[in-house]
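A.B. asks: Pasting protein_6.cif here (mmCIF, C-alpha atoms):
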data_entry
#
loop_
_atom_site.label_atom_id
_atom_site.label_comp_id
_atom_site.auth_asym_id
_atom_site.auth_seq_id
_atom_site.Cartn_x
_atom_site.Cartn_y
_atom_site.Cartn_z
CA MET A 1 -20.91 36.47 10.33
CA GLN A 2 -19.78 40.04 10.59
CA HIS A 3 -19.13 42.39 7.74
CA LEU A 4 -16.06 41.55 5.66
CA THR A 5 -13.44 44.27 5.74
CA LEU A 6 -10.36 44.68 3.59
CA THR A 7 -8.30 42.87 6.22
CA HIS A 8 -10.58 39.85 6.03
CA VAL A 9 -10.34 39.76 2.25
CA LEU A 10 -6.55 40.01 2.43
CA PHE A 11 -6.49 37.22 4.99
CA LEU A 12 -8.62 34.98 2.78
CA ILE A 13 -6.53 35.67 -0.33
CA LEU A 14 -3.24 35.02 1.50
CA SER A 15 -4.68 31.87 3.06
CA ALA A 16 -5.83 30.58 -0.30
CA VAL A 17 -2.40 31.27 -1.84
CA ALA A 18 -0.60 29.60 1.07
CA LEU A 19 -2.81 26.52 1.11
CA LEU A 20 -2.93 26.06 -2.67
CA SER A 21 0.82 26.46 -3.13
CA GLY A 22 1.39 24.16 -0.15
CA LEU A 23 -0.85 21.53 -1.72
CA MET A 24 0.90 21.94 -5.06
CA VAL A 25 4.25 21.35 -3.30
CA VAL A 26 2.90 17.99 -2.22
CA LEU A 27 1.19 17.05 -5.47
CA ASN A 28 3.62 18.33 -8.10
CA ALA A 29 6.19 15.72 -9.10
CA ASN A 30 8.91 18.16 -10.20
CA PRO A 31 11.33 18.95 -7.31
CA ILE A 32 12.38 22.34 -8.73
CA ARG A 33 8.73 23.39 -8.97
CA ASN A 34 8.20 22.11 -5.43
CA VAL A 35 10.94 24.43 -4.15
CA LEU A 36 9.59 27.44 -6.08
CA LEU A 37 6.00 26.79 -4.93
CA LEU A 38 7.17 26.51 -1.34
CA ILE A 39 8.78 29.95 -1.73
CA VAL A 40 5.38 31.29 -2.87
CA CYS A 41 3.80 29.68 0.18
CA PHE A 42 6.40 31.29 2.46
CA PHE A 43 5.76 34.71 0.94
CA ALA A 44 2.05 34.28 1.66
CA ILE A 45 2.90 33.41 5.26
CA ALA A 46 5.09 36.53 5.42
CA GLY A 47 2.01 38.48 4.31
CA HIS A 48 0.12 36.93 7.20
CA TYR A 49 2.84 38.15 9.57
CA VAL A 50 2.43 41.68 8.22
CA LEU A 51 -1.35 41.41 8.75
CA LEU A 52 -0.62 40.34 12.34
CA ASN A 53 1.52 43.47 12.96
CA ALA A 54 4.62 41.28 13.21
CA GLN A 55 6.69 43.28 10.75
CA PHE A 56 10.10 42.23 12.05
CA LEU A 57 9.06 38.60 11.93
CA ALA A 58 7.89 39.04 8.34
CA ALA A 59 11.27 40.48 7.33
CA VAL A 60 13.20 37.76 9.15
CA HIS A 61 10.93 35.10 7.68
CA ILE A 62 11.61 36.26 4.13
CA ILE A 63 15.35 36.61 4.73
CA VAL A 64 15.76 33.25 6.49
CA TYR A 65 13.29 31.09 4.58
CA ALA A 66 13.05 32.52 1.07
CA GLY A 67 16.60 33.89 1.15
CA ALA A 68 18.57 31.15 2.85
CA ILE A 69 16.75 27.89 3.44
CA MET A 70 14.96 27.61 0.09
CA VAL A 71 18.10 28.66 -1.80
CA LEU A 72 19.89 25.83 0.00
CA PHE A 73 17.12 23.44 -1.07
CA LEU A 74 17.33 24.72 -4.63
CA PHE A 75 21.12 24.23 -4.64
CA VAL A 76 20.79 20.67 -3.41
CA VAL A 77 18.04 19.78 -5.89
CA MET A 78 20.17 21.13 -8.73
CA LEU A 79 23.37 19.59 -7.36
CA LEU A 80 21.78 16.14 -7.25
CA ASN A 81 20.19 16.82 -10.67
CA LEU A 82 16.74 15.76 -9.53
CA ASN A 83 13.94 16.17 -12.05
CA LYS A 84 10.59 14.76 -12.96
CA GLU A 85 12.08 11.63 -14.52
CA THR A 86 14.14 10.67 -11.48
CA GLU A 87 11.36 11.47 -9.03
CA PRO A 88 10.26 8.33 -7.17
CA THR A 89 6.49 8.04 -6.79
CA ARG A 90 4.43 5.87 -4.54
CA PRO A 91 2.02 3.27 -5.96
CA ALA A 92 -1.60 4.37 -6.23
CA TRP A 93 -2.87 2.50 -3.17
CA GLU A 94 -0.20 4.08 -0.98
CA LYS A 95 -1.19 7.50 -2.28
CA ILE A 96 -4.85 6.83 -1.47
CA VAL A 97 -3.92 5.66 2.02
CA ALA A 98 -1.74 8.76 2.48
CA VAL A 99 -4.57 11.08 1.43
CA ILE A 100 -7.06 9.29 3.69
CA ALA A 101 -4.66 9.40 6.65
CA GLY A 102 -3.83 13.06 6.04
CA GLY A 103 -7.52 13.93 5.66
CA ILE A 104 -8.44 12.16 8.88
CA PHE A 105 -5.58 13.91 10.66
CA CYS A 106 -6.78 17.25 9.29
CA ILE A 107 -10.38 16.64 10.36
CA THR A 108 -9.27 15.56 13.83
CA LEU A 109 -6.97 18.55 14.29
CA VAL A 110 -9.49 21.13 13.06
CA GLY A 111 -12.32 19.51 15.01
CA ALA A 112 -10.33 19.34 18.23
CA LEU A 113 -9.15 22.93 17.93
CA ARG A 114 -12.65 24.14 17.09
CA ALA A 115 -14.10 22.32 20.10
CA ALA A 116 -11.49 23.79 22.44
CA ASP A 117 -12.41 26.74 24.60
CA THR A 118 -11.81 29.91 22.68
CA MET A 119 -9.92 32.57 24.53
CA PRO A 120 -11.55 35.93 25.17
CA MET A 121 -11.12 38.12 22.15
CA PRO A 122 -9.27 41.36 22.79
CA ASP A 123 -11.14 44.46 21.76
CA ALA A 124 -9.87 46.97 19.25
CA LYS A 125 -8.05 49.20 21.73
CA GLY A 126 -6.66 46.32 23.79
CA MET A 127 -4.13 45.41 21.15
CA ASP A 128 -0.71 46.98 20.86
CA VAL A 129 0.16 47.70 17.22
CA ASN A 130 3.85 48.13 18.05
CA ILE A 131 4.26 44.62 19.40
CA GLY A 132 6.12 43.29 16.38
CA LEU A 133 8.61 46.10 16.03
CA VAL A 134 12.26 45.37 16.49
CA ASN A 135 12.76 47.40 19.67
CA ARG A 136 10.05 45.54 21.58
CA LEU A 137 11.27 42.17 20.36
CA GLY A 138 14.91 43.05 20.99
CA ALA A 139 14.14 44.09 24.56
CA THR A 140 12.40 40.77 25.17
CA LEU A 141 15.09 38.76 23.40
CA PHE A 142 18.02 40.25 25.28
CA ASP A 143 16.24 40.46 28.61
CA GLU A 144 14.33 37.26 29.24
CA PHE A 145 15.79 35.06 26.51
CA LEU A 146 19.46 36.00 26.70
CA VAL A 147 20.70 32.52 27.64
CA PRO A 148 18.73 30.71 24.90
CA PHE A 149 19.94 33.33 22.45
CA GLU A 150 23.57 32.67 23.34
CA LEU A 151 22.95 28.92 23.28
CA SER A 152 21.54 29.18 19.76
CA SER A 153 24.94 30.50 18.64
CA ALA A 154 26.48 27.28 19.97
CA LEU A 155 23.77 25.36 18.07
CA PHE A 156 24.70 27.16 14.86
CA LEU A 157 28.39 26.41 15.40
CA ALA A 158 27.57 22.73 15.94
CA ALA A 159 25.33 22.69 12.84
CA MET A 160 28.04 24.38 10.77
CA VAL A 161 30.74 21.92 11.87
CA GLY A 162 28.32 19.02 11.36
CA ALA A 163 27.31 20.12 7.88
CA VAL A 164 30.93 20.61 6.80
CA LEU A 165 31.98 17.25 8.23
CA LEU A 166 29.03 15.44 6.65
CA GLY A 167 29.44 17.15 3.30
CA LYS A 168 33.17 16.49 3.12
CA LYS A 169 34.31 13.51 1.11
CA SER A 170 35.28 10.88 3.62
CA SER A 171 38.91 9.76 3.38
CA LYS A 172 38.75 6.05 3.91
CA MET B 1 -7.23 49.03 9.33
CA SER B 2 -6.78 46.76 12.29
CA THR B 3 -5.99 43.10 12.67
CA GLN B 4 -8.17 42.41 15.67
CA VAL B 5 -11.29 42.02 13.55
CA ILE B 6 -10.02 38.70 12.18
CA PRO B 7 -11.26 35.99 14.54
CA ILE B 8 -8.47 33.93 16.10
CA GLU B 9 -10.35 30.79 14.99
CA TRP B 10 -9.50 31.63 11.39
CA TYR B 11 -5.81 31.54 12.22
CA ILE B 12 -6.23 28.29 14.16
CA THR B 13 -8.01 26.68 11.21
CA LEU B 14 -5.49 27.96 8.68
CA SER B 15 -2.58 26.68 10.76
CA ALA B 16 -4.24 23.29 11.22
CA LEU B 17 -4.82 23.03 7.47
CA LEU B 18 -1.23 24.04 6.63
CA PHE B 19 0.09 21.55 9.18
CA SER B 20 -2.09 18.82 7.62
CA VAL B 21 -0.69 19.66 4.18
CA GLY B 22 2.78 19.15 5.64
CA VAL B 23 1.76 15.81 7.14
CA LEU B 24 0.26 14.80 3.80
CA GLY B 25 3.54 15.67 2.11
CA VAL B 26 5.51 13.44 4.46
CA LEU B 27 3.10 10.54 3.83
CA PHE B 28 2.65 11.14 0.10
CA ARG B 29 6.17 11.64 -1.22
CA ARG B 30 9.21 9.39 -1.40
CA ASN B 31 11.84 12.02 -2.17
CA ALA B 32 13.62 12.83 1.09
CA ILE B 33 14.22 16.45 0.04
CA VAL B 34 10.49 17.04 -0.48
CA ILE B 35 9.80 15.38 2.86
CA LEU B 36 12.22 17.83 4.49
CA MET B 37 10.35 20.66 2.73
CA SER B 38 7.05 19.36 4.12
CA VAL B 39 8.58 19.44 7.60
CA GLU B 40 9.44 23.10 6.96
CA LEU B 41 5.81 23.70 6.04
CA MET B 42 4.69 22.17 9.33
CA LEU B 43 7.15 24.35 11.25
CA ASN B 44 5.75 27.39 9.47
CA ALA B 45 2.17 26.48 10.35
CA VAL B 46 3.18 26.41 14.01
CA ASN B 47 5.12 29.68 13.64
CA LEU B 48 2.08 31.39 12.15
CA LEU B 49 -0.15 30.28 15.02
CA LEU B 50 2.45 31.41 17.58
CA ALA B 51 2.62 34.82 15.93
CA ALA B 52 -1.19 35.05 15.91
CA PHE B 53 -1.41 34.18 19.61
CA SER B 54 1.36 36.67 20.31
CA THR B 55 -0.58 39.48 18.67
CA TYR B 56 -3.90 38.52 20.22
CA HIS B 57 -2.38 38.25 23.71
CA ASN B 58 -0.21 41.38 23.47
CA ASP B 59 2.85 39.33 24.38
CA PRO B 60 6.06 39.58 22.34
CA LYS B 61 7.47 36.40 23.94
CA ALA B 62 5.75 34.15 21.40
CA GLN B 63 7.37 36.09 18.55
CA VAL B 64 10.76 35.47 20.18
CA PHE B 65 9.81 31.78 20.21
CA VAL B 66 9.12 31.98 16.47
CA PHE B 67 12.55 33.54 16.10
CA PHE B 68 14.15 30.59 17.87
CA ILE B 69 12.16 28.09 15.82
CA MET B 70 13.47 29.76 12.66
CA ALA B 71 17.03 29.51 14.01
CA VAL B 72 16.61 25.82 14.81
CA ALA B 73 14.98 25.21 11.40
CA ALA B 74 17.94 26.81 9.64
CA ALA B 75 20.39 24.61 11.54
CA GLU B 76 18.22 21.55 10.93
CA VAL B 77 18.07 22.17 7.19
CA ALA B 78 21.83 22.65 6.93
CA VAL B 79 22.58 19.37 8.69
CA GLY B 80 19.68 17.52 7.05
CA LEU B 81 20.71 18.47 3.53
CA ALA B 82 24.32 17.55 4.29
CA ILE B 83 23.11 14.12 5.42
CA LEU B 84 21.00 13.81 2.26
CA ILE B 85 23.99 14.64 0.04
CA MET B 86 26.05 12.02 1.86
CA ILE B 87 23.25 9.47 1.38
CA TYR B 88 23.03 10.35 -2.30
CA ARG B 89 26.79 9.89 -2.63
CA ASN B 90 26.50 6.39 -1.20
CA ILE B 91 23.31 4.95 -2.71
CA ARG B 92 22.78 7.37 -5.66
CA THR B 93 19.18 8.19 -4.71
CA THR B 94 17.17 10.24 -2.22
CA ASP B 95 14.27 7.79 -2.19
CA VAL B 96 13.35 7.10 1.43
CA ASP B 97 12.09 3.61 0.60
CA PHE B 98 15.68 2.52 -0.08
CA LEU B 99 16.74 3.55 3.40
CA ASN B 100 15.11 0.63 5.17
CA LYS B 101 18.09 -0.91 7.00
CA LEU B 102 16.77 0.30 10.37
CA LYS B 103 13.20 -0.75 9.57
CA TRP B 104 11.87 -3.49 11.79
#
What is this file in structure tokens?

C.D. replies:
Amino acid sequence: MQHLTLTHVLFLILSAVALLSGLMVVLNANPIRNVLLLIVCFFAIAGHYVLLNAQFLAAVHIIVYAGAIMVLFLFVVMLLNLNKETEPTRPAWEKIVAVIAGGIFCITLVGALRAADTMPMPDAKGMDVNIGLVNRLGATLFDEFLVPFELSSALFLAAMVGAVLLGKKSSK
Amino acid sequence: MSTQVIPIEWYITLSALLFSVGVLGVLFRRNAIVILMSVELMLNAVNLLLAAFSTYHNDPKAQVFVFFIMAVAAAEVAVGLAILIMIYRNIRTTDVDFLNKLKW
């Protein structure tokens, strides 16, 4: 084990925050708290993006997830008036089975990924610190991924129309 | 301060653990909204690993992939929550165990 630098410590703290808040999302029975804890988890992941020199991704992640998606979740939870009393819970044996299945899945995934061939580690000067900046990403996005980018606008239009149609009161 | 001193295995393990937490959420909960949130957590675990590989391989393409995954996730959440609201309007609950008409 090499010497722990500040980056390592930051990584470990952010990982602990992300994993603990993620676990609390699963284990806490209050839907509002679930949404707020998931926002904490997403902020920790945004911190990971900053550590990875993916600054643009970190900004987009906060705007899209914390700013849009989780607010939507919060709106829906409040709109449906879900709280701890209305929260359906599984019987104890189903919970135990779920934990066992999730634990086995976790062990399998970590074990398989650990056993896989690790790629050669780049050295300190082999890595480009500007990789996550918006001009590099924009050049890639509008050069190689122009067609998928335009198609995603069609996807958003379809999602918008679908959400409005589904949310509308049906006139029978 | 540089990122390259963090071994890539740490990111792989963290992403696997976060993904497992998401899987646990899908298995553990009965509220469809929380299940959708667990799916978001799984998507984010994959996004994090893609971003890590992108940085360690000096290739911005993977970050563009993350960008697209975020776009698809936003669309998915909008439609998914609309479906959930419609379900709630019809059966007055978001409990997935009540939605068993298609269960074999």

A.B. asks: State, in Å with one decimal place, the distance from CA of Val50 (chain A) to CA of Met127 (chain A).

C.D. replies: 15.0 Å

A.B. asks: I'd like the interatomic distance between CA of Lys61 (chain B) and CA of Thr140 (chain A), to a tenth of an Å.

C.D. replies: 6.7 Å

A.B. asks: Written as a PDB file with C-alpha atoms, in the coordinates of the input, what is the full residue list that the PyMOL selection byres ((chain A) within 7 of (chain B)) yields on the file shown?

C.D. replies:
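After the write, selection_5.pdb holds the following:
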ATOM      1  CA  THR A   7      -8.300  42.870   6.220  1.00  0.00           C
ATOM      2  CA  HIS A   8     -10.580  39.850   6.030  1.00  0.00           C
ATOM      3  CA  SER A  15      -4.680  31.870   3.060  1.00  0.00           C
ATOM      4  CA  LEU A  19      -2.810  26.520   1.110  1.00  0.00           C
ATOM      5  CA  GLY A  22       1.390  24.160  -0.150  1.00  0.00           C
ATOM      6  CA  LEU A  23      -0.850  21.530  -1.720  1.00  0.00           C
ATOM      7  CA  VAL A  26       2.900  17.990  -2.220  1.00  0.00           C
ATOM      8  CA  LEU A  51      -1.350  41.410   8.750  1.00  0.00           C
ATOM      9  CA  LEU A  52      -0.620  40.340  12.340  1.00  0.00           C
ATOM     10  CA  ILE A  69      16.750  27.890   3.440  1.00  0.00           C
ATOM     11  CA  GLU A  87      11.360  11.470  -9.030  1.00  0.00           C
ATOM     12  CA  PRO A  88      10.260   8.330  -7.170  1.00  0.00           C
ATOM     13  CA  THR A  89       6.490   8.040  -6.790  1.00  0.00           C
ATOM     14  CA  ARG A  90       4.430   5.870  -4.540  1.00  0.00           C
ATOM     15  CA  LYS A  95      -1.190   7.500  -2.280  1.00  0.00           C
ATOM     16  CA  ALA A  98      -1.740   8.760   2.480  1.00  0.00           C
ATOM     17  CA  VAL A  99      -4.570  11.080   1.430  1.00  0.00           C
ATOM     18  CA  GLY A 102      -3.830  13.060   6.040  1.00  0.00           C
ATOM     19  CA  PHE A 105      -5.580  13.910  10.660  1.00  0.00           C
ATOM     20  CA  CYS A 106      -6.780  17.250   9.290  1.00  0.00           C
ATOM     21  CA  LEU A 109      -6.970  18.550  14.290  1.00  0.00           C
ATOM     22  CA  VAL A 110      -9.490  21.130  13.060  1.00  0.00           C
ATOM     23  CA  PRO A 122      -9.270  41.360  22.790  1.00  0.00           C
ATOM     24  CA  ALA A 124      -9.870  46.970  19.250  1.00  0.00           C
ATOM     25  CA  MET A 127      -4.130  45.410  21.150  1.00  0.00           C
ATOM     26  CA  ASP A 128      -0.710  46.980  20.860  1.00  0.00           C
ATOM     27  CA  ILE A 131       4.260  44.620  19.400  1.00  0.00           C
ATOM     28  CA  LEU A 137      11.270  42.170  20.360  1.00  0.00           C
ATOM     29  CA  THR A 140      12.400  40.770  25.170  1.00  0.00           C
ATOM     30  CA  LEU A 141      15.090  38.760  23.400  1.00  0.00           C
ATOM     31  CA  PHE A 156      24.700  27.160  14.860  1.00  0.00           C
ATOM     32  CA  ALA A 159      25.330  22.690  12.840  1.00  0.00           C
ATOM     33  CA  GLY A 162      28.320  19.020  11.360  1.00  0.00           C
ATOM     34  CA  ALA A 163      27.310  20.120   7.880  1.00  0.00           C
ATOM     35  CA  LEU A 166      29.030  15.440   6.650  1.00  0.00           C
ATOM     36  CA  GLY A 167      29.440  17.150   3.300  1.00  0.00           C
TER      37      GLY A 167
END

A.B. asks: Between CA of Gly138 (chain A) and CA of Phe56 (chain A), what distance in Å does the model show, to one decimal?

C.D. replies: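 Between CA of Gly138 (chain A) and CA of Phe56 (chain A) the gap works out to 10.2 Å.
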
A.B. asks: Select, from A:Val25, A:Ala18, A:Leu38, A:Ala54, the residue with the minimum atom-to-atom distance to Arg136 (chain A), counting all atoms listed in the file.

C.D. replies: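 Answer, going by the shortest atom-to-atom distance: A:Ala54.
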
A.B. asks: What's around region 61-68 of chain A at 7 Å? Count all atoms listed in the file, leave out sequence neighbours fewer than 5 positions away in its own chain, and write the answer as a list in words.

C.D. replies: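 After dropping sequence-adjacent residues, the list is Ile39, Phe42, Phe43 and Ala46 of chain A.
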
A.B. asks: Would you put the residues from that selection into a file with C-alpha atoms, as a PDB file, in the frame of the given file?

C.D. replies:
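Written output follows (result-v2.pdb):
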ATOM      1  CA  ILE A  39       8.780  29.950  -1.730  1.00  0.00           C
ATOM      2  CA  PHE A  42       6.400  31.290   2.460  1.00  0.00           C
ATOM      3  CA  PHE A  43       5.760  34.710   0.940  1.00  0.00           C
ATOM      4  CA  ALA A  46       5.090  36.530   5.420  1.00  0.00           C
TER       5      ALA A  46
END

A.B. asks: Could you tell me which residues the PyMOL selection byres ((chain A and resi 32) around 12) returns for this structure, as a PyMOL selection string?

C.D. replies: (chain A and resi 25+28-31+33-39+70-71+73-84+87) or (chain B and resi 33-34+37)

A.B. asks: How would the residues just chosen look if you wrote them out with C-alpha atoms as a tab-separated table (two decimals), in the coordinates of the input?

C.D. replies:
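The file below, out10.tsv, is the result:
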chain	number	residue	atom	x	y	z
A	25	VAL	CA	4.25	21.35	-3.30
A	28	ASN	CA	3.62	18.33	-8.10
A	29	ALA	CA	6.19	15.72	-9.10
A	30	ASN	CA	8.91	18.16	-10.20
A	31	PRO	CA	11.33	18.95	-7.31
A	33	ARG	CA	8.73	23.39	-8.97
A	34	ASN	CA	8.20	22.11	-5.43
A	35	VAL	CA	10.94	24.43	-4.15
A	36	LEU	CA	9.59	27.44	-6.08
A	37	LEU	CA	6.00	26.79	-4.93
A	38	LEU	CA	7.17	26.51	-1.34
A	39	ILE	CA	8.78	29.95	-1.73
A	70	MET	CA	14.96	27.61	0.09
A	71	VAL	CA	18.10	28.66	-1.80
A	73	PHE	CA	17.12	23.44	-1.07
A	74	LEU	CA	17.33	24.72	-4.63
A	75	PHE	CA	21.12	24.23	-4.64
A	76	VAL	CA	20.79	20.67	-3.41
A	77	VAL	CA	18.04	19.78	-5.89
A	78	MET	CA	20.17	21.13	-8.73
A	79	LEU	CA	23.37	19.59	-7.36
A	80	LEU	CA	21.78	16.14	-7.25
A	81	ASN	CA	20.19	16.82	-10.67
A	82	LEU	CA	16.74	15.76	-9.53
A	83	ASN	CA	13.94	16.17	-12.05
A	84	LYS	CA	10.59	14.76	-12.96
A	87	GLU	CA	11.36	11.47	-9.03
B	33	ILE	CA	14.22	16.45	0.04
B	34	VAL	CA	10.49	17.04	-0.48
B	37	MET	CA	10.35	20.66	2.73

A.B. asks: Which of these residues is nearest to Leu14 (chain A), using only C-alpha atoms: A:Gly111, A:Gly132, A:Gly47, A:Pro148?

C.D. replies: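 Of the candidates, the smallest distance to Leu14 (chain A) is held by A:Gly47.
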
A.B. asks: Quick one: axis-aligned box around all listed atoms of region 66-82 of chain A, 3 Å on every side, centre and edge lengths in Å to one decimal, written as JSON.

C.D. replies:
{"center_x": 18.2, "center_y": 24.8, "center_z": -3.6, "size_x": 16.3, "size_y": 24.1, "size_z": 20.1}
